[in-house]
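S.K.: Input structure: target_36.csv, which contains CSV, C-alpha atoms.
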```
chain,number,residue,atom,x,y,z
A,23,MET,CA,36.5,-10.3,-20.4
A,24,ALA,CA,37.1,-10.2,-16.6
A,25,ALA,CA,34.3,-11.6,-14.4
A,26,GLN,CA,32.0,-9.1,-12.8
A,27,LEU,CA,32.7,-8.5,-9.1
A,28,THR,CA,30.0,-9.7,-6.7
A,29,GLY,CA,28.1,-6.7,-5.4
A,30,SER,CA,29.0,-4.6,-8.4
A,31,PHE,CA,26.7,-2.7,-10.7
A,32,ARG,CA,25.0,-4.6,-13.5
A,33,PRO,CA,23.4,-3.6,-16.8
A,34,GLY,CA,19.8,-2.7,-16.0
A,35,ASP,CA,20.5,-1.4,-12.5
A,36,VAL,CA,18.9,1.8,-11.4
A,37,VAL,CA,21.6,3.8,-9.6
A,38,LEU,CA,21.5,6.8,-7.3
A,39,LEU,CA,24.3,9.3,-8.0
A,40,ARG,CA,25.1,11.8,-5.2
A,41,ASP,CA,27.0,14.9,-6.0
A,42,ILE,CA,30.1,14.9,-3.8
A,43,THR,CA,30.3,18.7,-3.4
A,44,ARG,CA,26.6,19.1,-2.9
A,45,PRO,CA,25.3,15.9,-1.2
A,46,SER,CA,21.7,17.0,-1.3
A,47,ARG,CA,21.7,17.0,-5.1
A,48,VAL,CA,21.0,13.4,-6.2
A,49,ILE,CA,20.1,11.8,-9.6
A,50,LEU,CA,18.2,8.6,-10.0
A,51,THR,CA,19.4,7.1,-13.3
A,52,PRO,CA,17.3,5.1,-15.7
A,53,PRO,CA,18.3,1.4,-16.0
A,54,LEU,CA,22.0,1.4,-17.0
A,55,GLU,CA,22.1,1.1,-20.7
A,56,LYS,CA,23.0,4.6,-22.1
A,57,HIS,CA,24.4,8.0,-21.2
A,58,ILE,CA,23.2,9.7,-18.0
A,59,MET,CA,22.9,13.5,-18.1
A,60,THR,CA,23.7,15.5,-15.0
A,61,HIS,CA,24.0,19.2,-14.2
A,62,ASN,CA,27.7,18.8,-14.8
A,63,GLY,CA,27.8,16.9,-18.1
A,64,TYR,CA,27.1,13.3,-19.0
A,65,ILE,CA,28.2,10.0,-17.4
A,66,THR,CA,28.2,6.8,-19.5
A,67,HIS,CA,26.8,3.5,-18.2
A,68,LYS,CA,30.2,2.0,-18.8
A,69,ASP,CA,31.6,4.3,-16.2
A,70,ILE,CA,29.3,2.6,-13.6
A,71,ILE,CA,28.8,-1.0,-14.7
A,72,GLY,CA,31.3,-3.3,-12.9
A,73,GLN,CA,32.0,-0.7,-10.2
A,74,LEU,CA,31.3,-1.5,-6.5
A,75,GLU,CA,28.7,0.4,-4.5
A,76,ARG,CA,30.0,3.8,-3.2
A,77,ALA,CA,32.4,4.0,-6.1
A,78,ILE,CA,33.2,7.6,-7.3
A,79,VAL,CA,32.4,8.3,-10.9
A,80,MET,CA,33.2,11.5,-12.8
A,81,SER,CA,31.2,13.4,-15.5
A,82,HIS,CA,32.8,13.8,-18.9
A,83,THR,CA,32.3,17.5,-19.3
A,84,LYS,CA,33.2,19.2,-16.0
A,85,ASN,CA,34.9,16.2,-14.1
A,86,ALA,CA,32.3,16.5,-11.4
A,87,ARG,CA,32.5,13.7,-8.9
A,88,TYR,CA,29.5,11.5,-7.9
A,89,MET,CA,29.1,8.6,-5.5
A,90,ALA,CA,27.2,5.7,-7.0
A,91,THR,CA,24.9,3.5,-4.8
A,92,LEU,CA,21.8,1.4,-5.2
A,93,PRO,CA,18.8,3.4,-4.1
A,94,THR,CA,16.9,2.4,-1.0
A,95,LEU,CA,13.3,1.7,-1.5
A,96,ASP,CA,12.4,5.1,0.0
A,97,GLU,CA,14.8,6.9,-2.4
A,98,TYR,CA,13.5,4.9,-5.3
A,99,VAL,CA,9.8,5.6,-4.6
A,100,SER,CA,10.5,9.3,-3.9
A,101,LEU,CA,12.6,9.9,-7.0
A,102,ARG,CA,10.9,7.7,-9.7
A,103,ARG,CA,8.6,9.0,-12.4
A,104,ARG,CA,5.1,9.3,-11.0
A,105,GLY,CA,1.6,9.6,-12.5
A,106,ALA,CA,-0.3,9.1,-9.3
A,107,GLN,CA,0.7,10.5,-5.9
A,108,PRO,CA,2.8,7.7,-4.3
A,109,ILE,CA,2.3,6.2,-0.9
A,110,TYR,CA,5.8,6.9,0.4
A,111,ALA,CA,7.9,3.9,1.4
A,112,TYR,CA,7.7,4.1,5.2
A,113,ASP,CA,3.9,4.6,5.1
A,114,ALA,CA,3.6,1.7,2.7
A,115,ALA,CA,5.7,-0.5,5.0
A,116,THR,CA,3.5,0.5,7.9
A,117,ILE,CA,0.3,-0.3,6.0
A,118,VAL,CA,1.6,-3.7,5.0
A,119,SER,CA,2.9,-4.5,8.6
A,120,LEU,CA,-0.6,-3.9,9.9
A,121,ALA,CA,-1.9,-6.7,7.7
A,122,ASP,CA,0.7,-9.1,9.2
A,123,LEU,CA,1.2,-11.2,6.1
A,124,VAL,CA,2.7,-14.6,6.7
A,125,VAL,CA,3.3,-17.2,4.0
A,126,GLU,CA,3.6,-20.6,5.7
A,127,ASP,CA,6.2,-23.0,4.4
A,128,ASP,CA,3.7,-25.9,4.3
A,129,ASP,CA,1.0,-24.0,2.4
A,130,LYS,CA,-0.1,-26.1,-0.6
A,131,GLU,CA,-2.1,-23.3,-2.2
A,132,THR,CA,-0.7,-20.1,-3.5
A,133,PHE,CA,-0.8,-17.2,-1.0
A,134,ARG,CA,-2.9,-14.6,-3.0
A,135,VAL,CA,-3.0,-10.9,-2.4
A,136,LEU,CA,-5.3,-8.5,-4.2
A,137,GLU,CA,-4.4,-4.8,-4.5
A,138,ALA,CA,-6.7,-2.3,-6.0
A,139,GLY,CA,-5.1,1.0,-6.9
A,140,THR,CA,-1.7,0.2,-8.4
A,141,GLY,CA,-0.9,3.9,-8.9
A,142,HIS,CA,2.8,4.6,-8.5
A,143,GLY,CA,3.5,1.0,-7.5
A,144,SER,CA,4.9,1.9,-4.1
A,145,LEU,CA,2.5,-0.2,-2.1
A,146,THR,CA,2.9,-3.0,-4.6
A,147,LEU,CA,6.6,-3.0,-3.9
A,148,ALA,CA,6.1,-3.0,-0.2
A,149,ILE,CA,3.8,-6.0,-0.4
A,150,ALA,CA,6.1,-7.8,-2.8
A,151,ARG,CA,9.1,-7.2,-0.5
A,152,THR,CA,7.1,-8.9,2.3
A,153,ILE,CA,6.0,-12.0,0.4
A,154,HIS,CA,9.1,-12.5,-1.9
A,155,SER,CA,10.9,-14.8,0.5
A,156,ALA,CA,8.4,-17.5,-0.3
A,157,ASN,CA,9.4,-17.3,-4.0
A,158,SER,CA,13.1,-16.4,-3.7
A,159,ASN,CA,14.4,-19.9,-4.4
A,160,LEU,CA,11.9,-21.0,-7.1
A,161,PRO,CA,12.9,-21.2,-10.8
A,162,ASP,CA,11.1,-18.8,-13.0
A,163,ASP,CA,9.0,-21.5,-14.7
A,164,VAL,CA,7.7,-22.9,-11.4
A,165,LYS,CA,4.3,-21.9,-9.9
A,166,ARG,CA,4.7,-19.1,-7.3
A,167,LYS,CA,4.0,-19.8,-3.6
A,168,ALA,CA,2.9,-16.2,-3.2
A,169,LEU,CA,1.4,-13.9,-5.8
A,170,ILE,CA,0.0,-10.3,-6.0
A,171,ASP,CA,-2.9,-9.3,-8.4
A,172,THR,CA,-2.7,-5.5,-8.6
A,173,LEU,CA,-5.2,-3.5,-10.7
A,174,ASP,CA,-5.8,0.1,-11.6
A,175,ARG,CA,-8.6,1.7,-13.6
A,176,SER,CA,-6.1,4.0,-15.4
A,177,LYS,CA,-4.1,2.2,-18.0
A,178,ARG,CA,-1.5,5.0,-17.8
A,179,PHE,CA,-1.1,4.6,-14.0
A,180,SER,CA,-1.0,0.8,-14.4
A,181,LYS,CA,1.8,1.1,-17.0
A,182,ILE,CA,3.8,3.5,-14.8
A,183,GLY,CA,3.3,1.3,-11.7
A,184,LYS,CA,4.3,-1.8,-13.6
A,185,GLN,CA,7.4,-0.1,-15.0
A,186,ASN,CA,8.4,1.1,-11.5
A,187,VAL,CA,8.0,-2.5,-10.1
A,188,LEU,CA,9.8,-4.2,-13.0
A,189,GLU,CA,12.8,-1.8,-12.9
A,190,TYR,CA,13.4,-2.0,-9.1
A,191,ARG,CA,16.6,-4.1,-8.4
A,192,CYS,CA,16.6,-5.4,-12.0
A,193,GLY,CA,13.1,-6.8,-11.7
A,194,LYS,CA,13.6,-8.7,-8.5
A,195,TYR,CA,9.8,-8.9,-7.9
A,196,LYS,CA,8.6,-9.2,-11.5
A,197,LYS,CA,7.4,-12.8,-11.1
A,198,ASP,CA,5.6,-12.0,-7.9
A,199,VAL,CA,3.1,-9.5,-9.4
A,200,HIS,CA,0.4,-9.7,-12.1
A,201,PHE,CA,-0.8,-6.3,-13.4
A,202,HIS,CA,-4.3,-5.7,-14.6
A,203,SER,CA,-6.2,-2.7,-15.9
A,204,GLU,CA,-9.9,-2.9,-14.7
A,205,LEU,CA,-12.4,-0.2,-13.7
A,206,THR,CA,-13.2,-1.8,-10.3
A,207,PRO,CA,-12.2,-4.9,-8.2
A,208,THR,CA,-15.8,-6.1,-8.6
A,209,GLU,CA,-15.4,-6.3,-12.4
A,210,PHE,CA,-11.9,-7.9,-12.1
A,211,LEU,CA,-13.2,-10.6,-9.7
A,212,TRP,CA,-16.1,-11.3,-12.0
A,213,LYS,CA,-13.8,-11.7,-15.0
A,214,GLN,CA,-11.3,-13.7,-13.0
A,215,GLU,CA,-14.0,-16.2,-11.9
A,216,GLU,CA,-15.1,-16.6,-15.6
A,217,SER,CA,-11.5,-17.5,-16.6
A,218,GLU,CA,-9.9,-19.1,-13.6
A,219,GLY,CA,-12.8,-20.0,-11.3
A,220,PRO,CA,-13.3,-18.5,-7.9
A,221,ILE,CA,-10.1,-17.6,-6.0
A,222,GLN,CA,-10.0,-16.8,-2.3
A,223,TYR,CA,-7.5,-14.2,-1.3
A,224,ASN,CA,-5.3,-14.2,1.8
A,225,ALA,CA,-5.2,-10.4,2.0
A,226,VAL,CA,-6.7,-7.4,0.2
A,227,PHE,CA,-5.5,-3.8,0.0
A,228,LEU,CA,-7.9,-1.1,-1.3
A,229,ASP,CA,-6.5,2.3,-2.2
A,230,LEU,CA,-9.6,3.7,-3.9
A,231,PRO,CA,-11.8,6.8,-3.7
A,232,ASN,CA,-14.8,4.9,-2.3
A,233,PRO,CA,-13.4,1.5,-1.3
A,234,HIS,CA,-16.5,0.5,0.8
A,235,PHE,CA,-18.5,0.0,-2.5
A,236,GLU,CA,-16.2,-2.9,-3.3
A,237,LEU,CA,-16.6,-4.8,0.0
A,238,GLU,CA,-19.7,-6.7,-1.0
A,239,SER,CA,-17.9,-8.4,-3.9
A,240,LEU,CA,-15.2,-9.5,-1.5
A,241,ARG,CA,-17.6,-11.3,0.8
A,242,ASP,CA,-16.9,-14.8,-0.6
A,243,ARG,CA,-13.5,-14.0,-2.1
A,244,VAL,CA,-11.3,-13.7,1.0
A,245,ARG,CA,-10.3,-16.4,3.5
A,246,PRO,CA,-11.5,-16.4,7.1
A,247,HIS,CA,-9.6,-13.9,9.2
A,248,ALA,CA,-7.9,-12.5,6.1
A,249,PRO,CA,-7.0,-8.8,6.5
A,250,ILE,CA,-8.8,-6.3,4.3
A,251,VAL,CA,-6.9,-3.0,4.4
A,252,LEU,CA,-8.5,0.3,3.3
A,253,PHE,CA,-6.3,3.4,2.8
A,254,VAL,CA,-8.3,6.6,2.6
A,255,PRO,CA,-7.5,10.3,3.0
A,256,SER,CA,-10.2,11.2,5.5
A,257,VAL,CA,-11.8,9.6,8.6
A,258,THR,CA,-15.3,10.2,7.3
A,259,GLN,CA,-14.5,7.5,4.7
A,260,VAL,CA,-13.7,5.1,7.5
A,261,ILE,CA,-17.1,5.8,9.0
A,262,ASP,CA,-18.7,5.3,5.5
A,263,ALA,CA,-17.1,1.9,5.3
A,264,LEU,CA,-18.1,0.8,8.8
A,265,GLN,CA,-21.6,2.1,8.2
A,266,HIS,CA,-21.8,0.2,4.9
A,267,ILE,CA,-20.7,-3.0,6.6
A,268,THR,CA,-23.4,-2.6,9.2
A,269,GLU,CA,-26.2,-1.8,6.8
A,270,MET,CA,-25.3,-4.6,4.3
A,271,LYS,CA,-24.5,-7.1,7.1
A,272,LEU,CA,-21.2,-7.9,5.6
A,273,PRO,CA,-19.0,-10.5,7.3
A,274,PHE,CA,-16.1,-8.1,8.1
A,275,ALA,CA,-15.0,-7.2,11.6
A,276,HIS,CA,-13.4,-3.9,12.5
A,277,ASP,CA,-9.9,-4.7,13.8
A,278,ARG,CA,-8.5,-1.2,14.1
A,279,THR,CA,-8.2,2.3,12.6
A,280,VAL,CA,-4.9,4.2,12.6
A,281,GLU,CA,-3.9,7.6,11.2
A,282,LEU,CA,-0.7,7.9,9.2
A,283,LEU,CA,0.8,11.1,10.5
A,284,PRO,CA,2.4,13.6,8.1
A,285,GLY,CA,6.1,14.3,8.1
A,286,ASN,CA,9.3,14.2,6.1
A,287,MET,CA,9.9,10.5,6.5
A,288,GLY,CA,6.4,8.9,7.1
A,289,GLY,CA,5.8,5.7,9.0
A,290,SER,CA,4.3,7.3,12.1
A,291,MET,CA,0.8,6.5,13.2
A,292,ARG,CA,-1.7,6.7,16.0
A,293,ASN,CA,-4.8,4.8,17.0
A,294,TRP,CA,-8.3,6.1,16.5
A,295,ASP,CA,-11.4,5.1,18.5
A,296,VAL,CA,-14.0,4.6,15.7
A,297,ARG,CA,-17.1,2.7,16.9
A,298,ARG,CA,-20.9,2.9,17.3
A,299,ALA,CA,-22.2,3.9,20.7
A,300,THR,CA,-25.7,4.3,22.3
A,301,VAL,CA,-26.2,7.9,23.1
A,302,ARG,CA,-29.0,10.4,23.9
A,303,SER,CA,-29.0,14.2,23.5
A,304,SER,CA,-29.7,16.1,26.7
A,305,ILE,CA,-30.8,19.7,26.5
A,306,ASP,CA,-30.3,21.8,29.6
A,307,THR,CA,-32.9,24.2,31.0
A,308,SER,CA,-31.5,27.1,29.0
A,309,GLY,CA,-31.7,25.1,25.8
A,310,GLU,CA,-28.2,26.3,24.9
A,311,SER,CA,-26.2,23.1,25.1
A,312,ALA,CA,-26.4,19.3,24.4
A,313,ASN,CA,-24.3,16.5,25.8
A,314,CYS,CA,-23.8,13.0,24.5
A,315,LYS,CA,-23.8,10.3,27.2
A,316,GLU,CA,-22.5,6.9,26.2
A,317,SER,CA,-23.0,4.8,29.3
A,318,GLU,CA,-26.2,2.6,29.6
A,319,GLU,CA,-27.3,4.2,32.9
A,320,ASP,CA,-27.4,7.6,31.3
A,321,ILE,CA,-30.0,6.6,28.8
A,322,ASP,CA,-33.5,8.0,29.6
A,323,ILE,CA,-35.9,5.1,29.7
A,324,ASP,CA,-38.7,7.4,28.3
A,325,ARG,CA,-36.7,8.2,25.2
A,326,LYS,CA,-35.5,5.9,22.4
A,327,PRO,CA,-31.8,5.5,22.5
A,328,GLU,CA,-29.8,6.3,19.3
A,329,ARG,CA,-26.9,4.6,17.7
A,330,LYS,CA,-24.2,7.1,16.6
A,331,TRP,CA,-20.6,7.1,15.7
A,332,VAL,CA,-17.8,7.9,18.1
A,333,CYS,CA,-14.8,9.1,16.1
A,334,ARG,CA,-11.7,10.5,17.8
A,335,PRO,CA,-8.0,10.0,18.4
A,336,MET,CA,-7.1,7.6,21.1
A,337,VAL,CA,-5.1,10.4,22.7
A,338,GLY,CA,-6.4,13.9,23.3
A,339,GLU,CA,-4.4,15.6,20.5
A,340,ARG,CA,-5.7,17.8,17.7
A,341,VAL,CA,-6.1,16.2,14.2
A,342,VAL,CA,-3.2,17.2,12.0
A,343,GLY,CA,-4.2,15.5,8.7
A,344,GLY,CA,-2.6,12.6,6.9
A,345,GLY,CA,-4.2,9.4,5.6
A,346,PHE,CA,-6.1,6.8,7.5
A,347,VAL,CA,-5.8,3.0,7.5
A,348,LEU,CA,-8.9,0.9,8.3
A,349,LEU,CA,-8.1,-2.8,9.0
A,350,LEU,CA,-10.9,-5.3,8.7
A,351,ARG,CA,-10.9,-9.1,9.2
A,352,ARG,CA,-13.1,-11.6,7.4
A,353,GLU,CA,-15.3,-13.2,10.1
A,354,LEU,CA,-15.6,-17.0,10.2
A,355,ASN,CA,-19.1,-17.2,11.4
A,356,PRO,CA,-20.6,-13.7,11.3
A,357,ASN,CA,-23.7,-13.3,13.5
A,358,ARG,CA,-25.3,-10.0,12.5
A,359,ASN,CA,-28.8,-9.1,13.5
```
I'd like the structure from this file rewritten - as structure tokens, please.

M.R.:
Amino acid sequence: MAAQLTGSFRPGDVVLLRDITRPSRVILTPPLEKHIMTHNGYITHKDIIGQLERAIVMSHTKNARYMATLPTLDEYVSLRRRGAQPIYAYDAATIVSLADLVVEDDDKETFRVLEAGTGHGSLTLAIARTIHSANSNLPDDVKRKALIDTLDRSKRFSKIGKQNVLEYRCGKYKKDVHFHSELTPTEFLWKQEESEGPIQYNAVFLDLPNPHFELESLRDRVRPHAPIVLFVPSVTQVIDALQHITEMKLPFAHDRTVELLPGNMGGSMRNWDVRRATVRSSIDTSGESANCKESEEDIDIDRKPERKWVCRPMVGERVVGGGFVLLLRRELNPNRN
């Protein structure tokens, strides 16, 4: 049998088929191993395997023409089977870039990442893409230089997320990720300590309904200055997390808060000003209005100042929705009163 051409499709590839006459109509195939059904009849995997990218293949019923390519990560995430709502690829890339993950060549210990909320697996893929270069030249039986522990409380979502990761580019990242099904990160960390001993993570990503409840269990499980990234749908959850850190005196510093703006492509963001400020309420003579004054000279010495939350976009634009990303850093020597 003739050798397969470099850059050609292989068994197990997931392929994007684009209708030549209607380019907006696309089909994401399962891994190449059987017939693929289209609106215009079936295409066999043998019609695609061995072909180069952008080759034209034809259906066997109506001779419809399709262009075959490997899907981009954005196309793969958008078109794959889903159980949970995915974080779309450009948003996931933005979230990971905020964490600024760097695996140093001379690191003797494995660079460990904890992700809670596997879901669709889209954020897992974005993290894996970032750290994979550290493992790319290692044999499969050699210890990884970078590793992701990802967990989900739903076994069904965990299974879907695992399948989506394992089938992307023929399992390119399969050795970089360990999948777990646990109710909470707190339970996972406790069981992990029982079996492996305490592990310190270089980064943590939390995509959970109430992620601030898990912060206390991370106190001693992340390295100094390690990023802890919380992805939440509303800014009130950002405030809940910061309030919880203050009340529990947790050693996490607020780095920044950004809003992921909605749109067709994703990946856009803007900074938010989220902080505590000293304020007082001032009622005018008519008793109809109140003002919040944030400067120290505005505080009435006869009245006890209050600490309240300031929460607003960095620019004077209306809130249009979308998710929020809270970036925390593990403090080295926290000094909290």

S.K.: Report as a ChimeraX atom specification all protein, DNA and RNA residues lying within 10 Å of Ser100 in chain A, evaluated on only C-alpha atoms, omitting residues in the same chain fewer than 3 positions from it.

M.R.: /A:50,94-97,103-104,108-111,144

S.K.: So the first atom is CA of Ser119 in chain A and the second is CA of Leu354 in chain A; what is the distance between them in Å, to one decimal place?

M.R.: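 Separation between CA of Ser119 in chain A and CA of Leu354 in chain A: 22.4 Å.
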
S.K.: If I take CA of Ser158 in chain A and CA of Asp198 in chain A, how far is one from the other in Å, to one decimal?

M.R.: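 Pair CA of Ser158 in chain A / CA of Asp198 in chain A returns 9.7 Å.
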
S.K.: Between CA of Thr140 in chain A and CA of Pro52 in chain A, measure the distance and give it in Å to one decimal.

M.R.: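 It comes out at 20.9 Å.
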
S.K.: For Arg278 in chain A, list every protein, DNA or RNA residue within 8 Å, evaluated using only C-alpha atoms, and leave out those in the same chain fewer than 6 positions away; present the list as a list in words.

M.R.: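 Here the answer would be Asn293, Trp294, Leu348, Leu349 and Leu350 of chain A.
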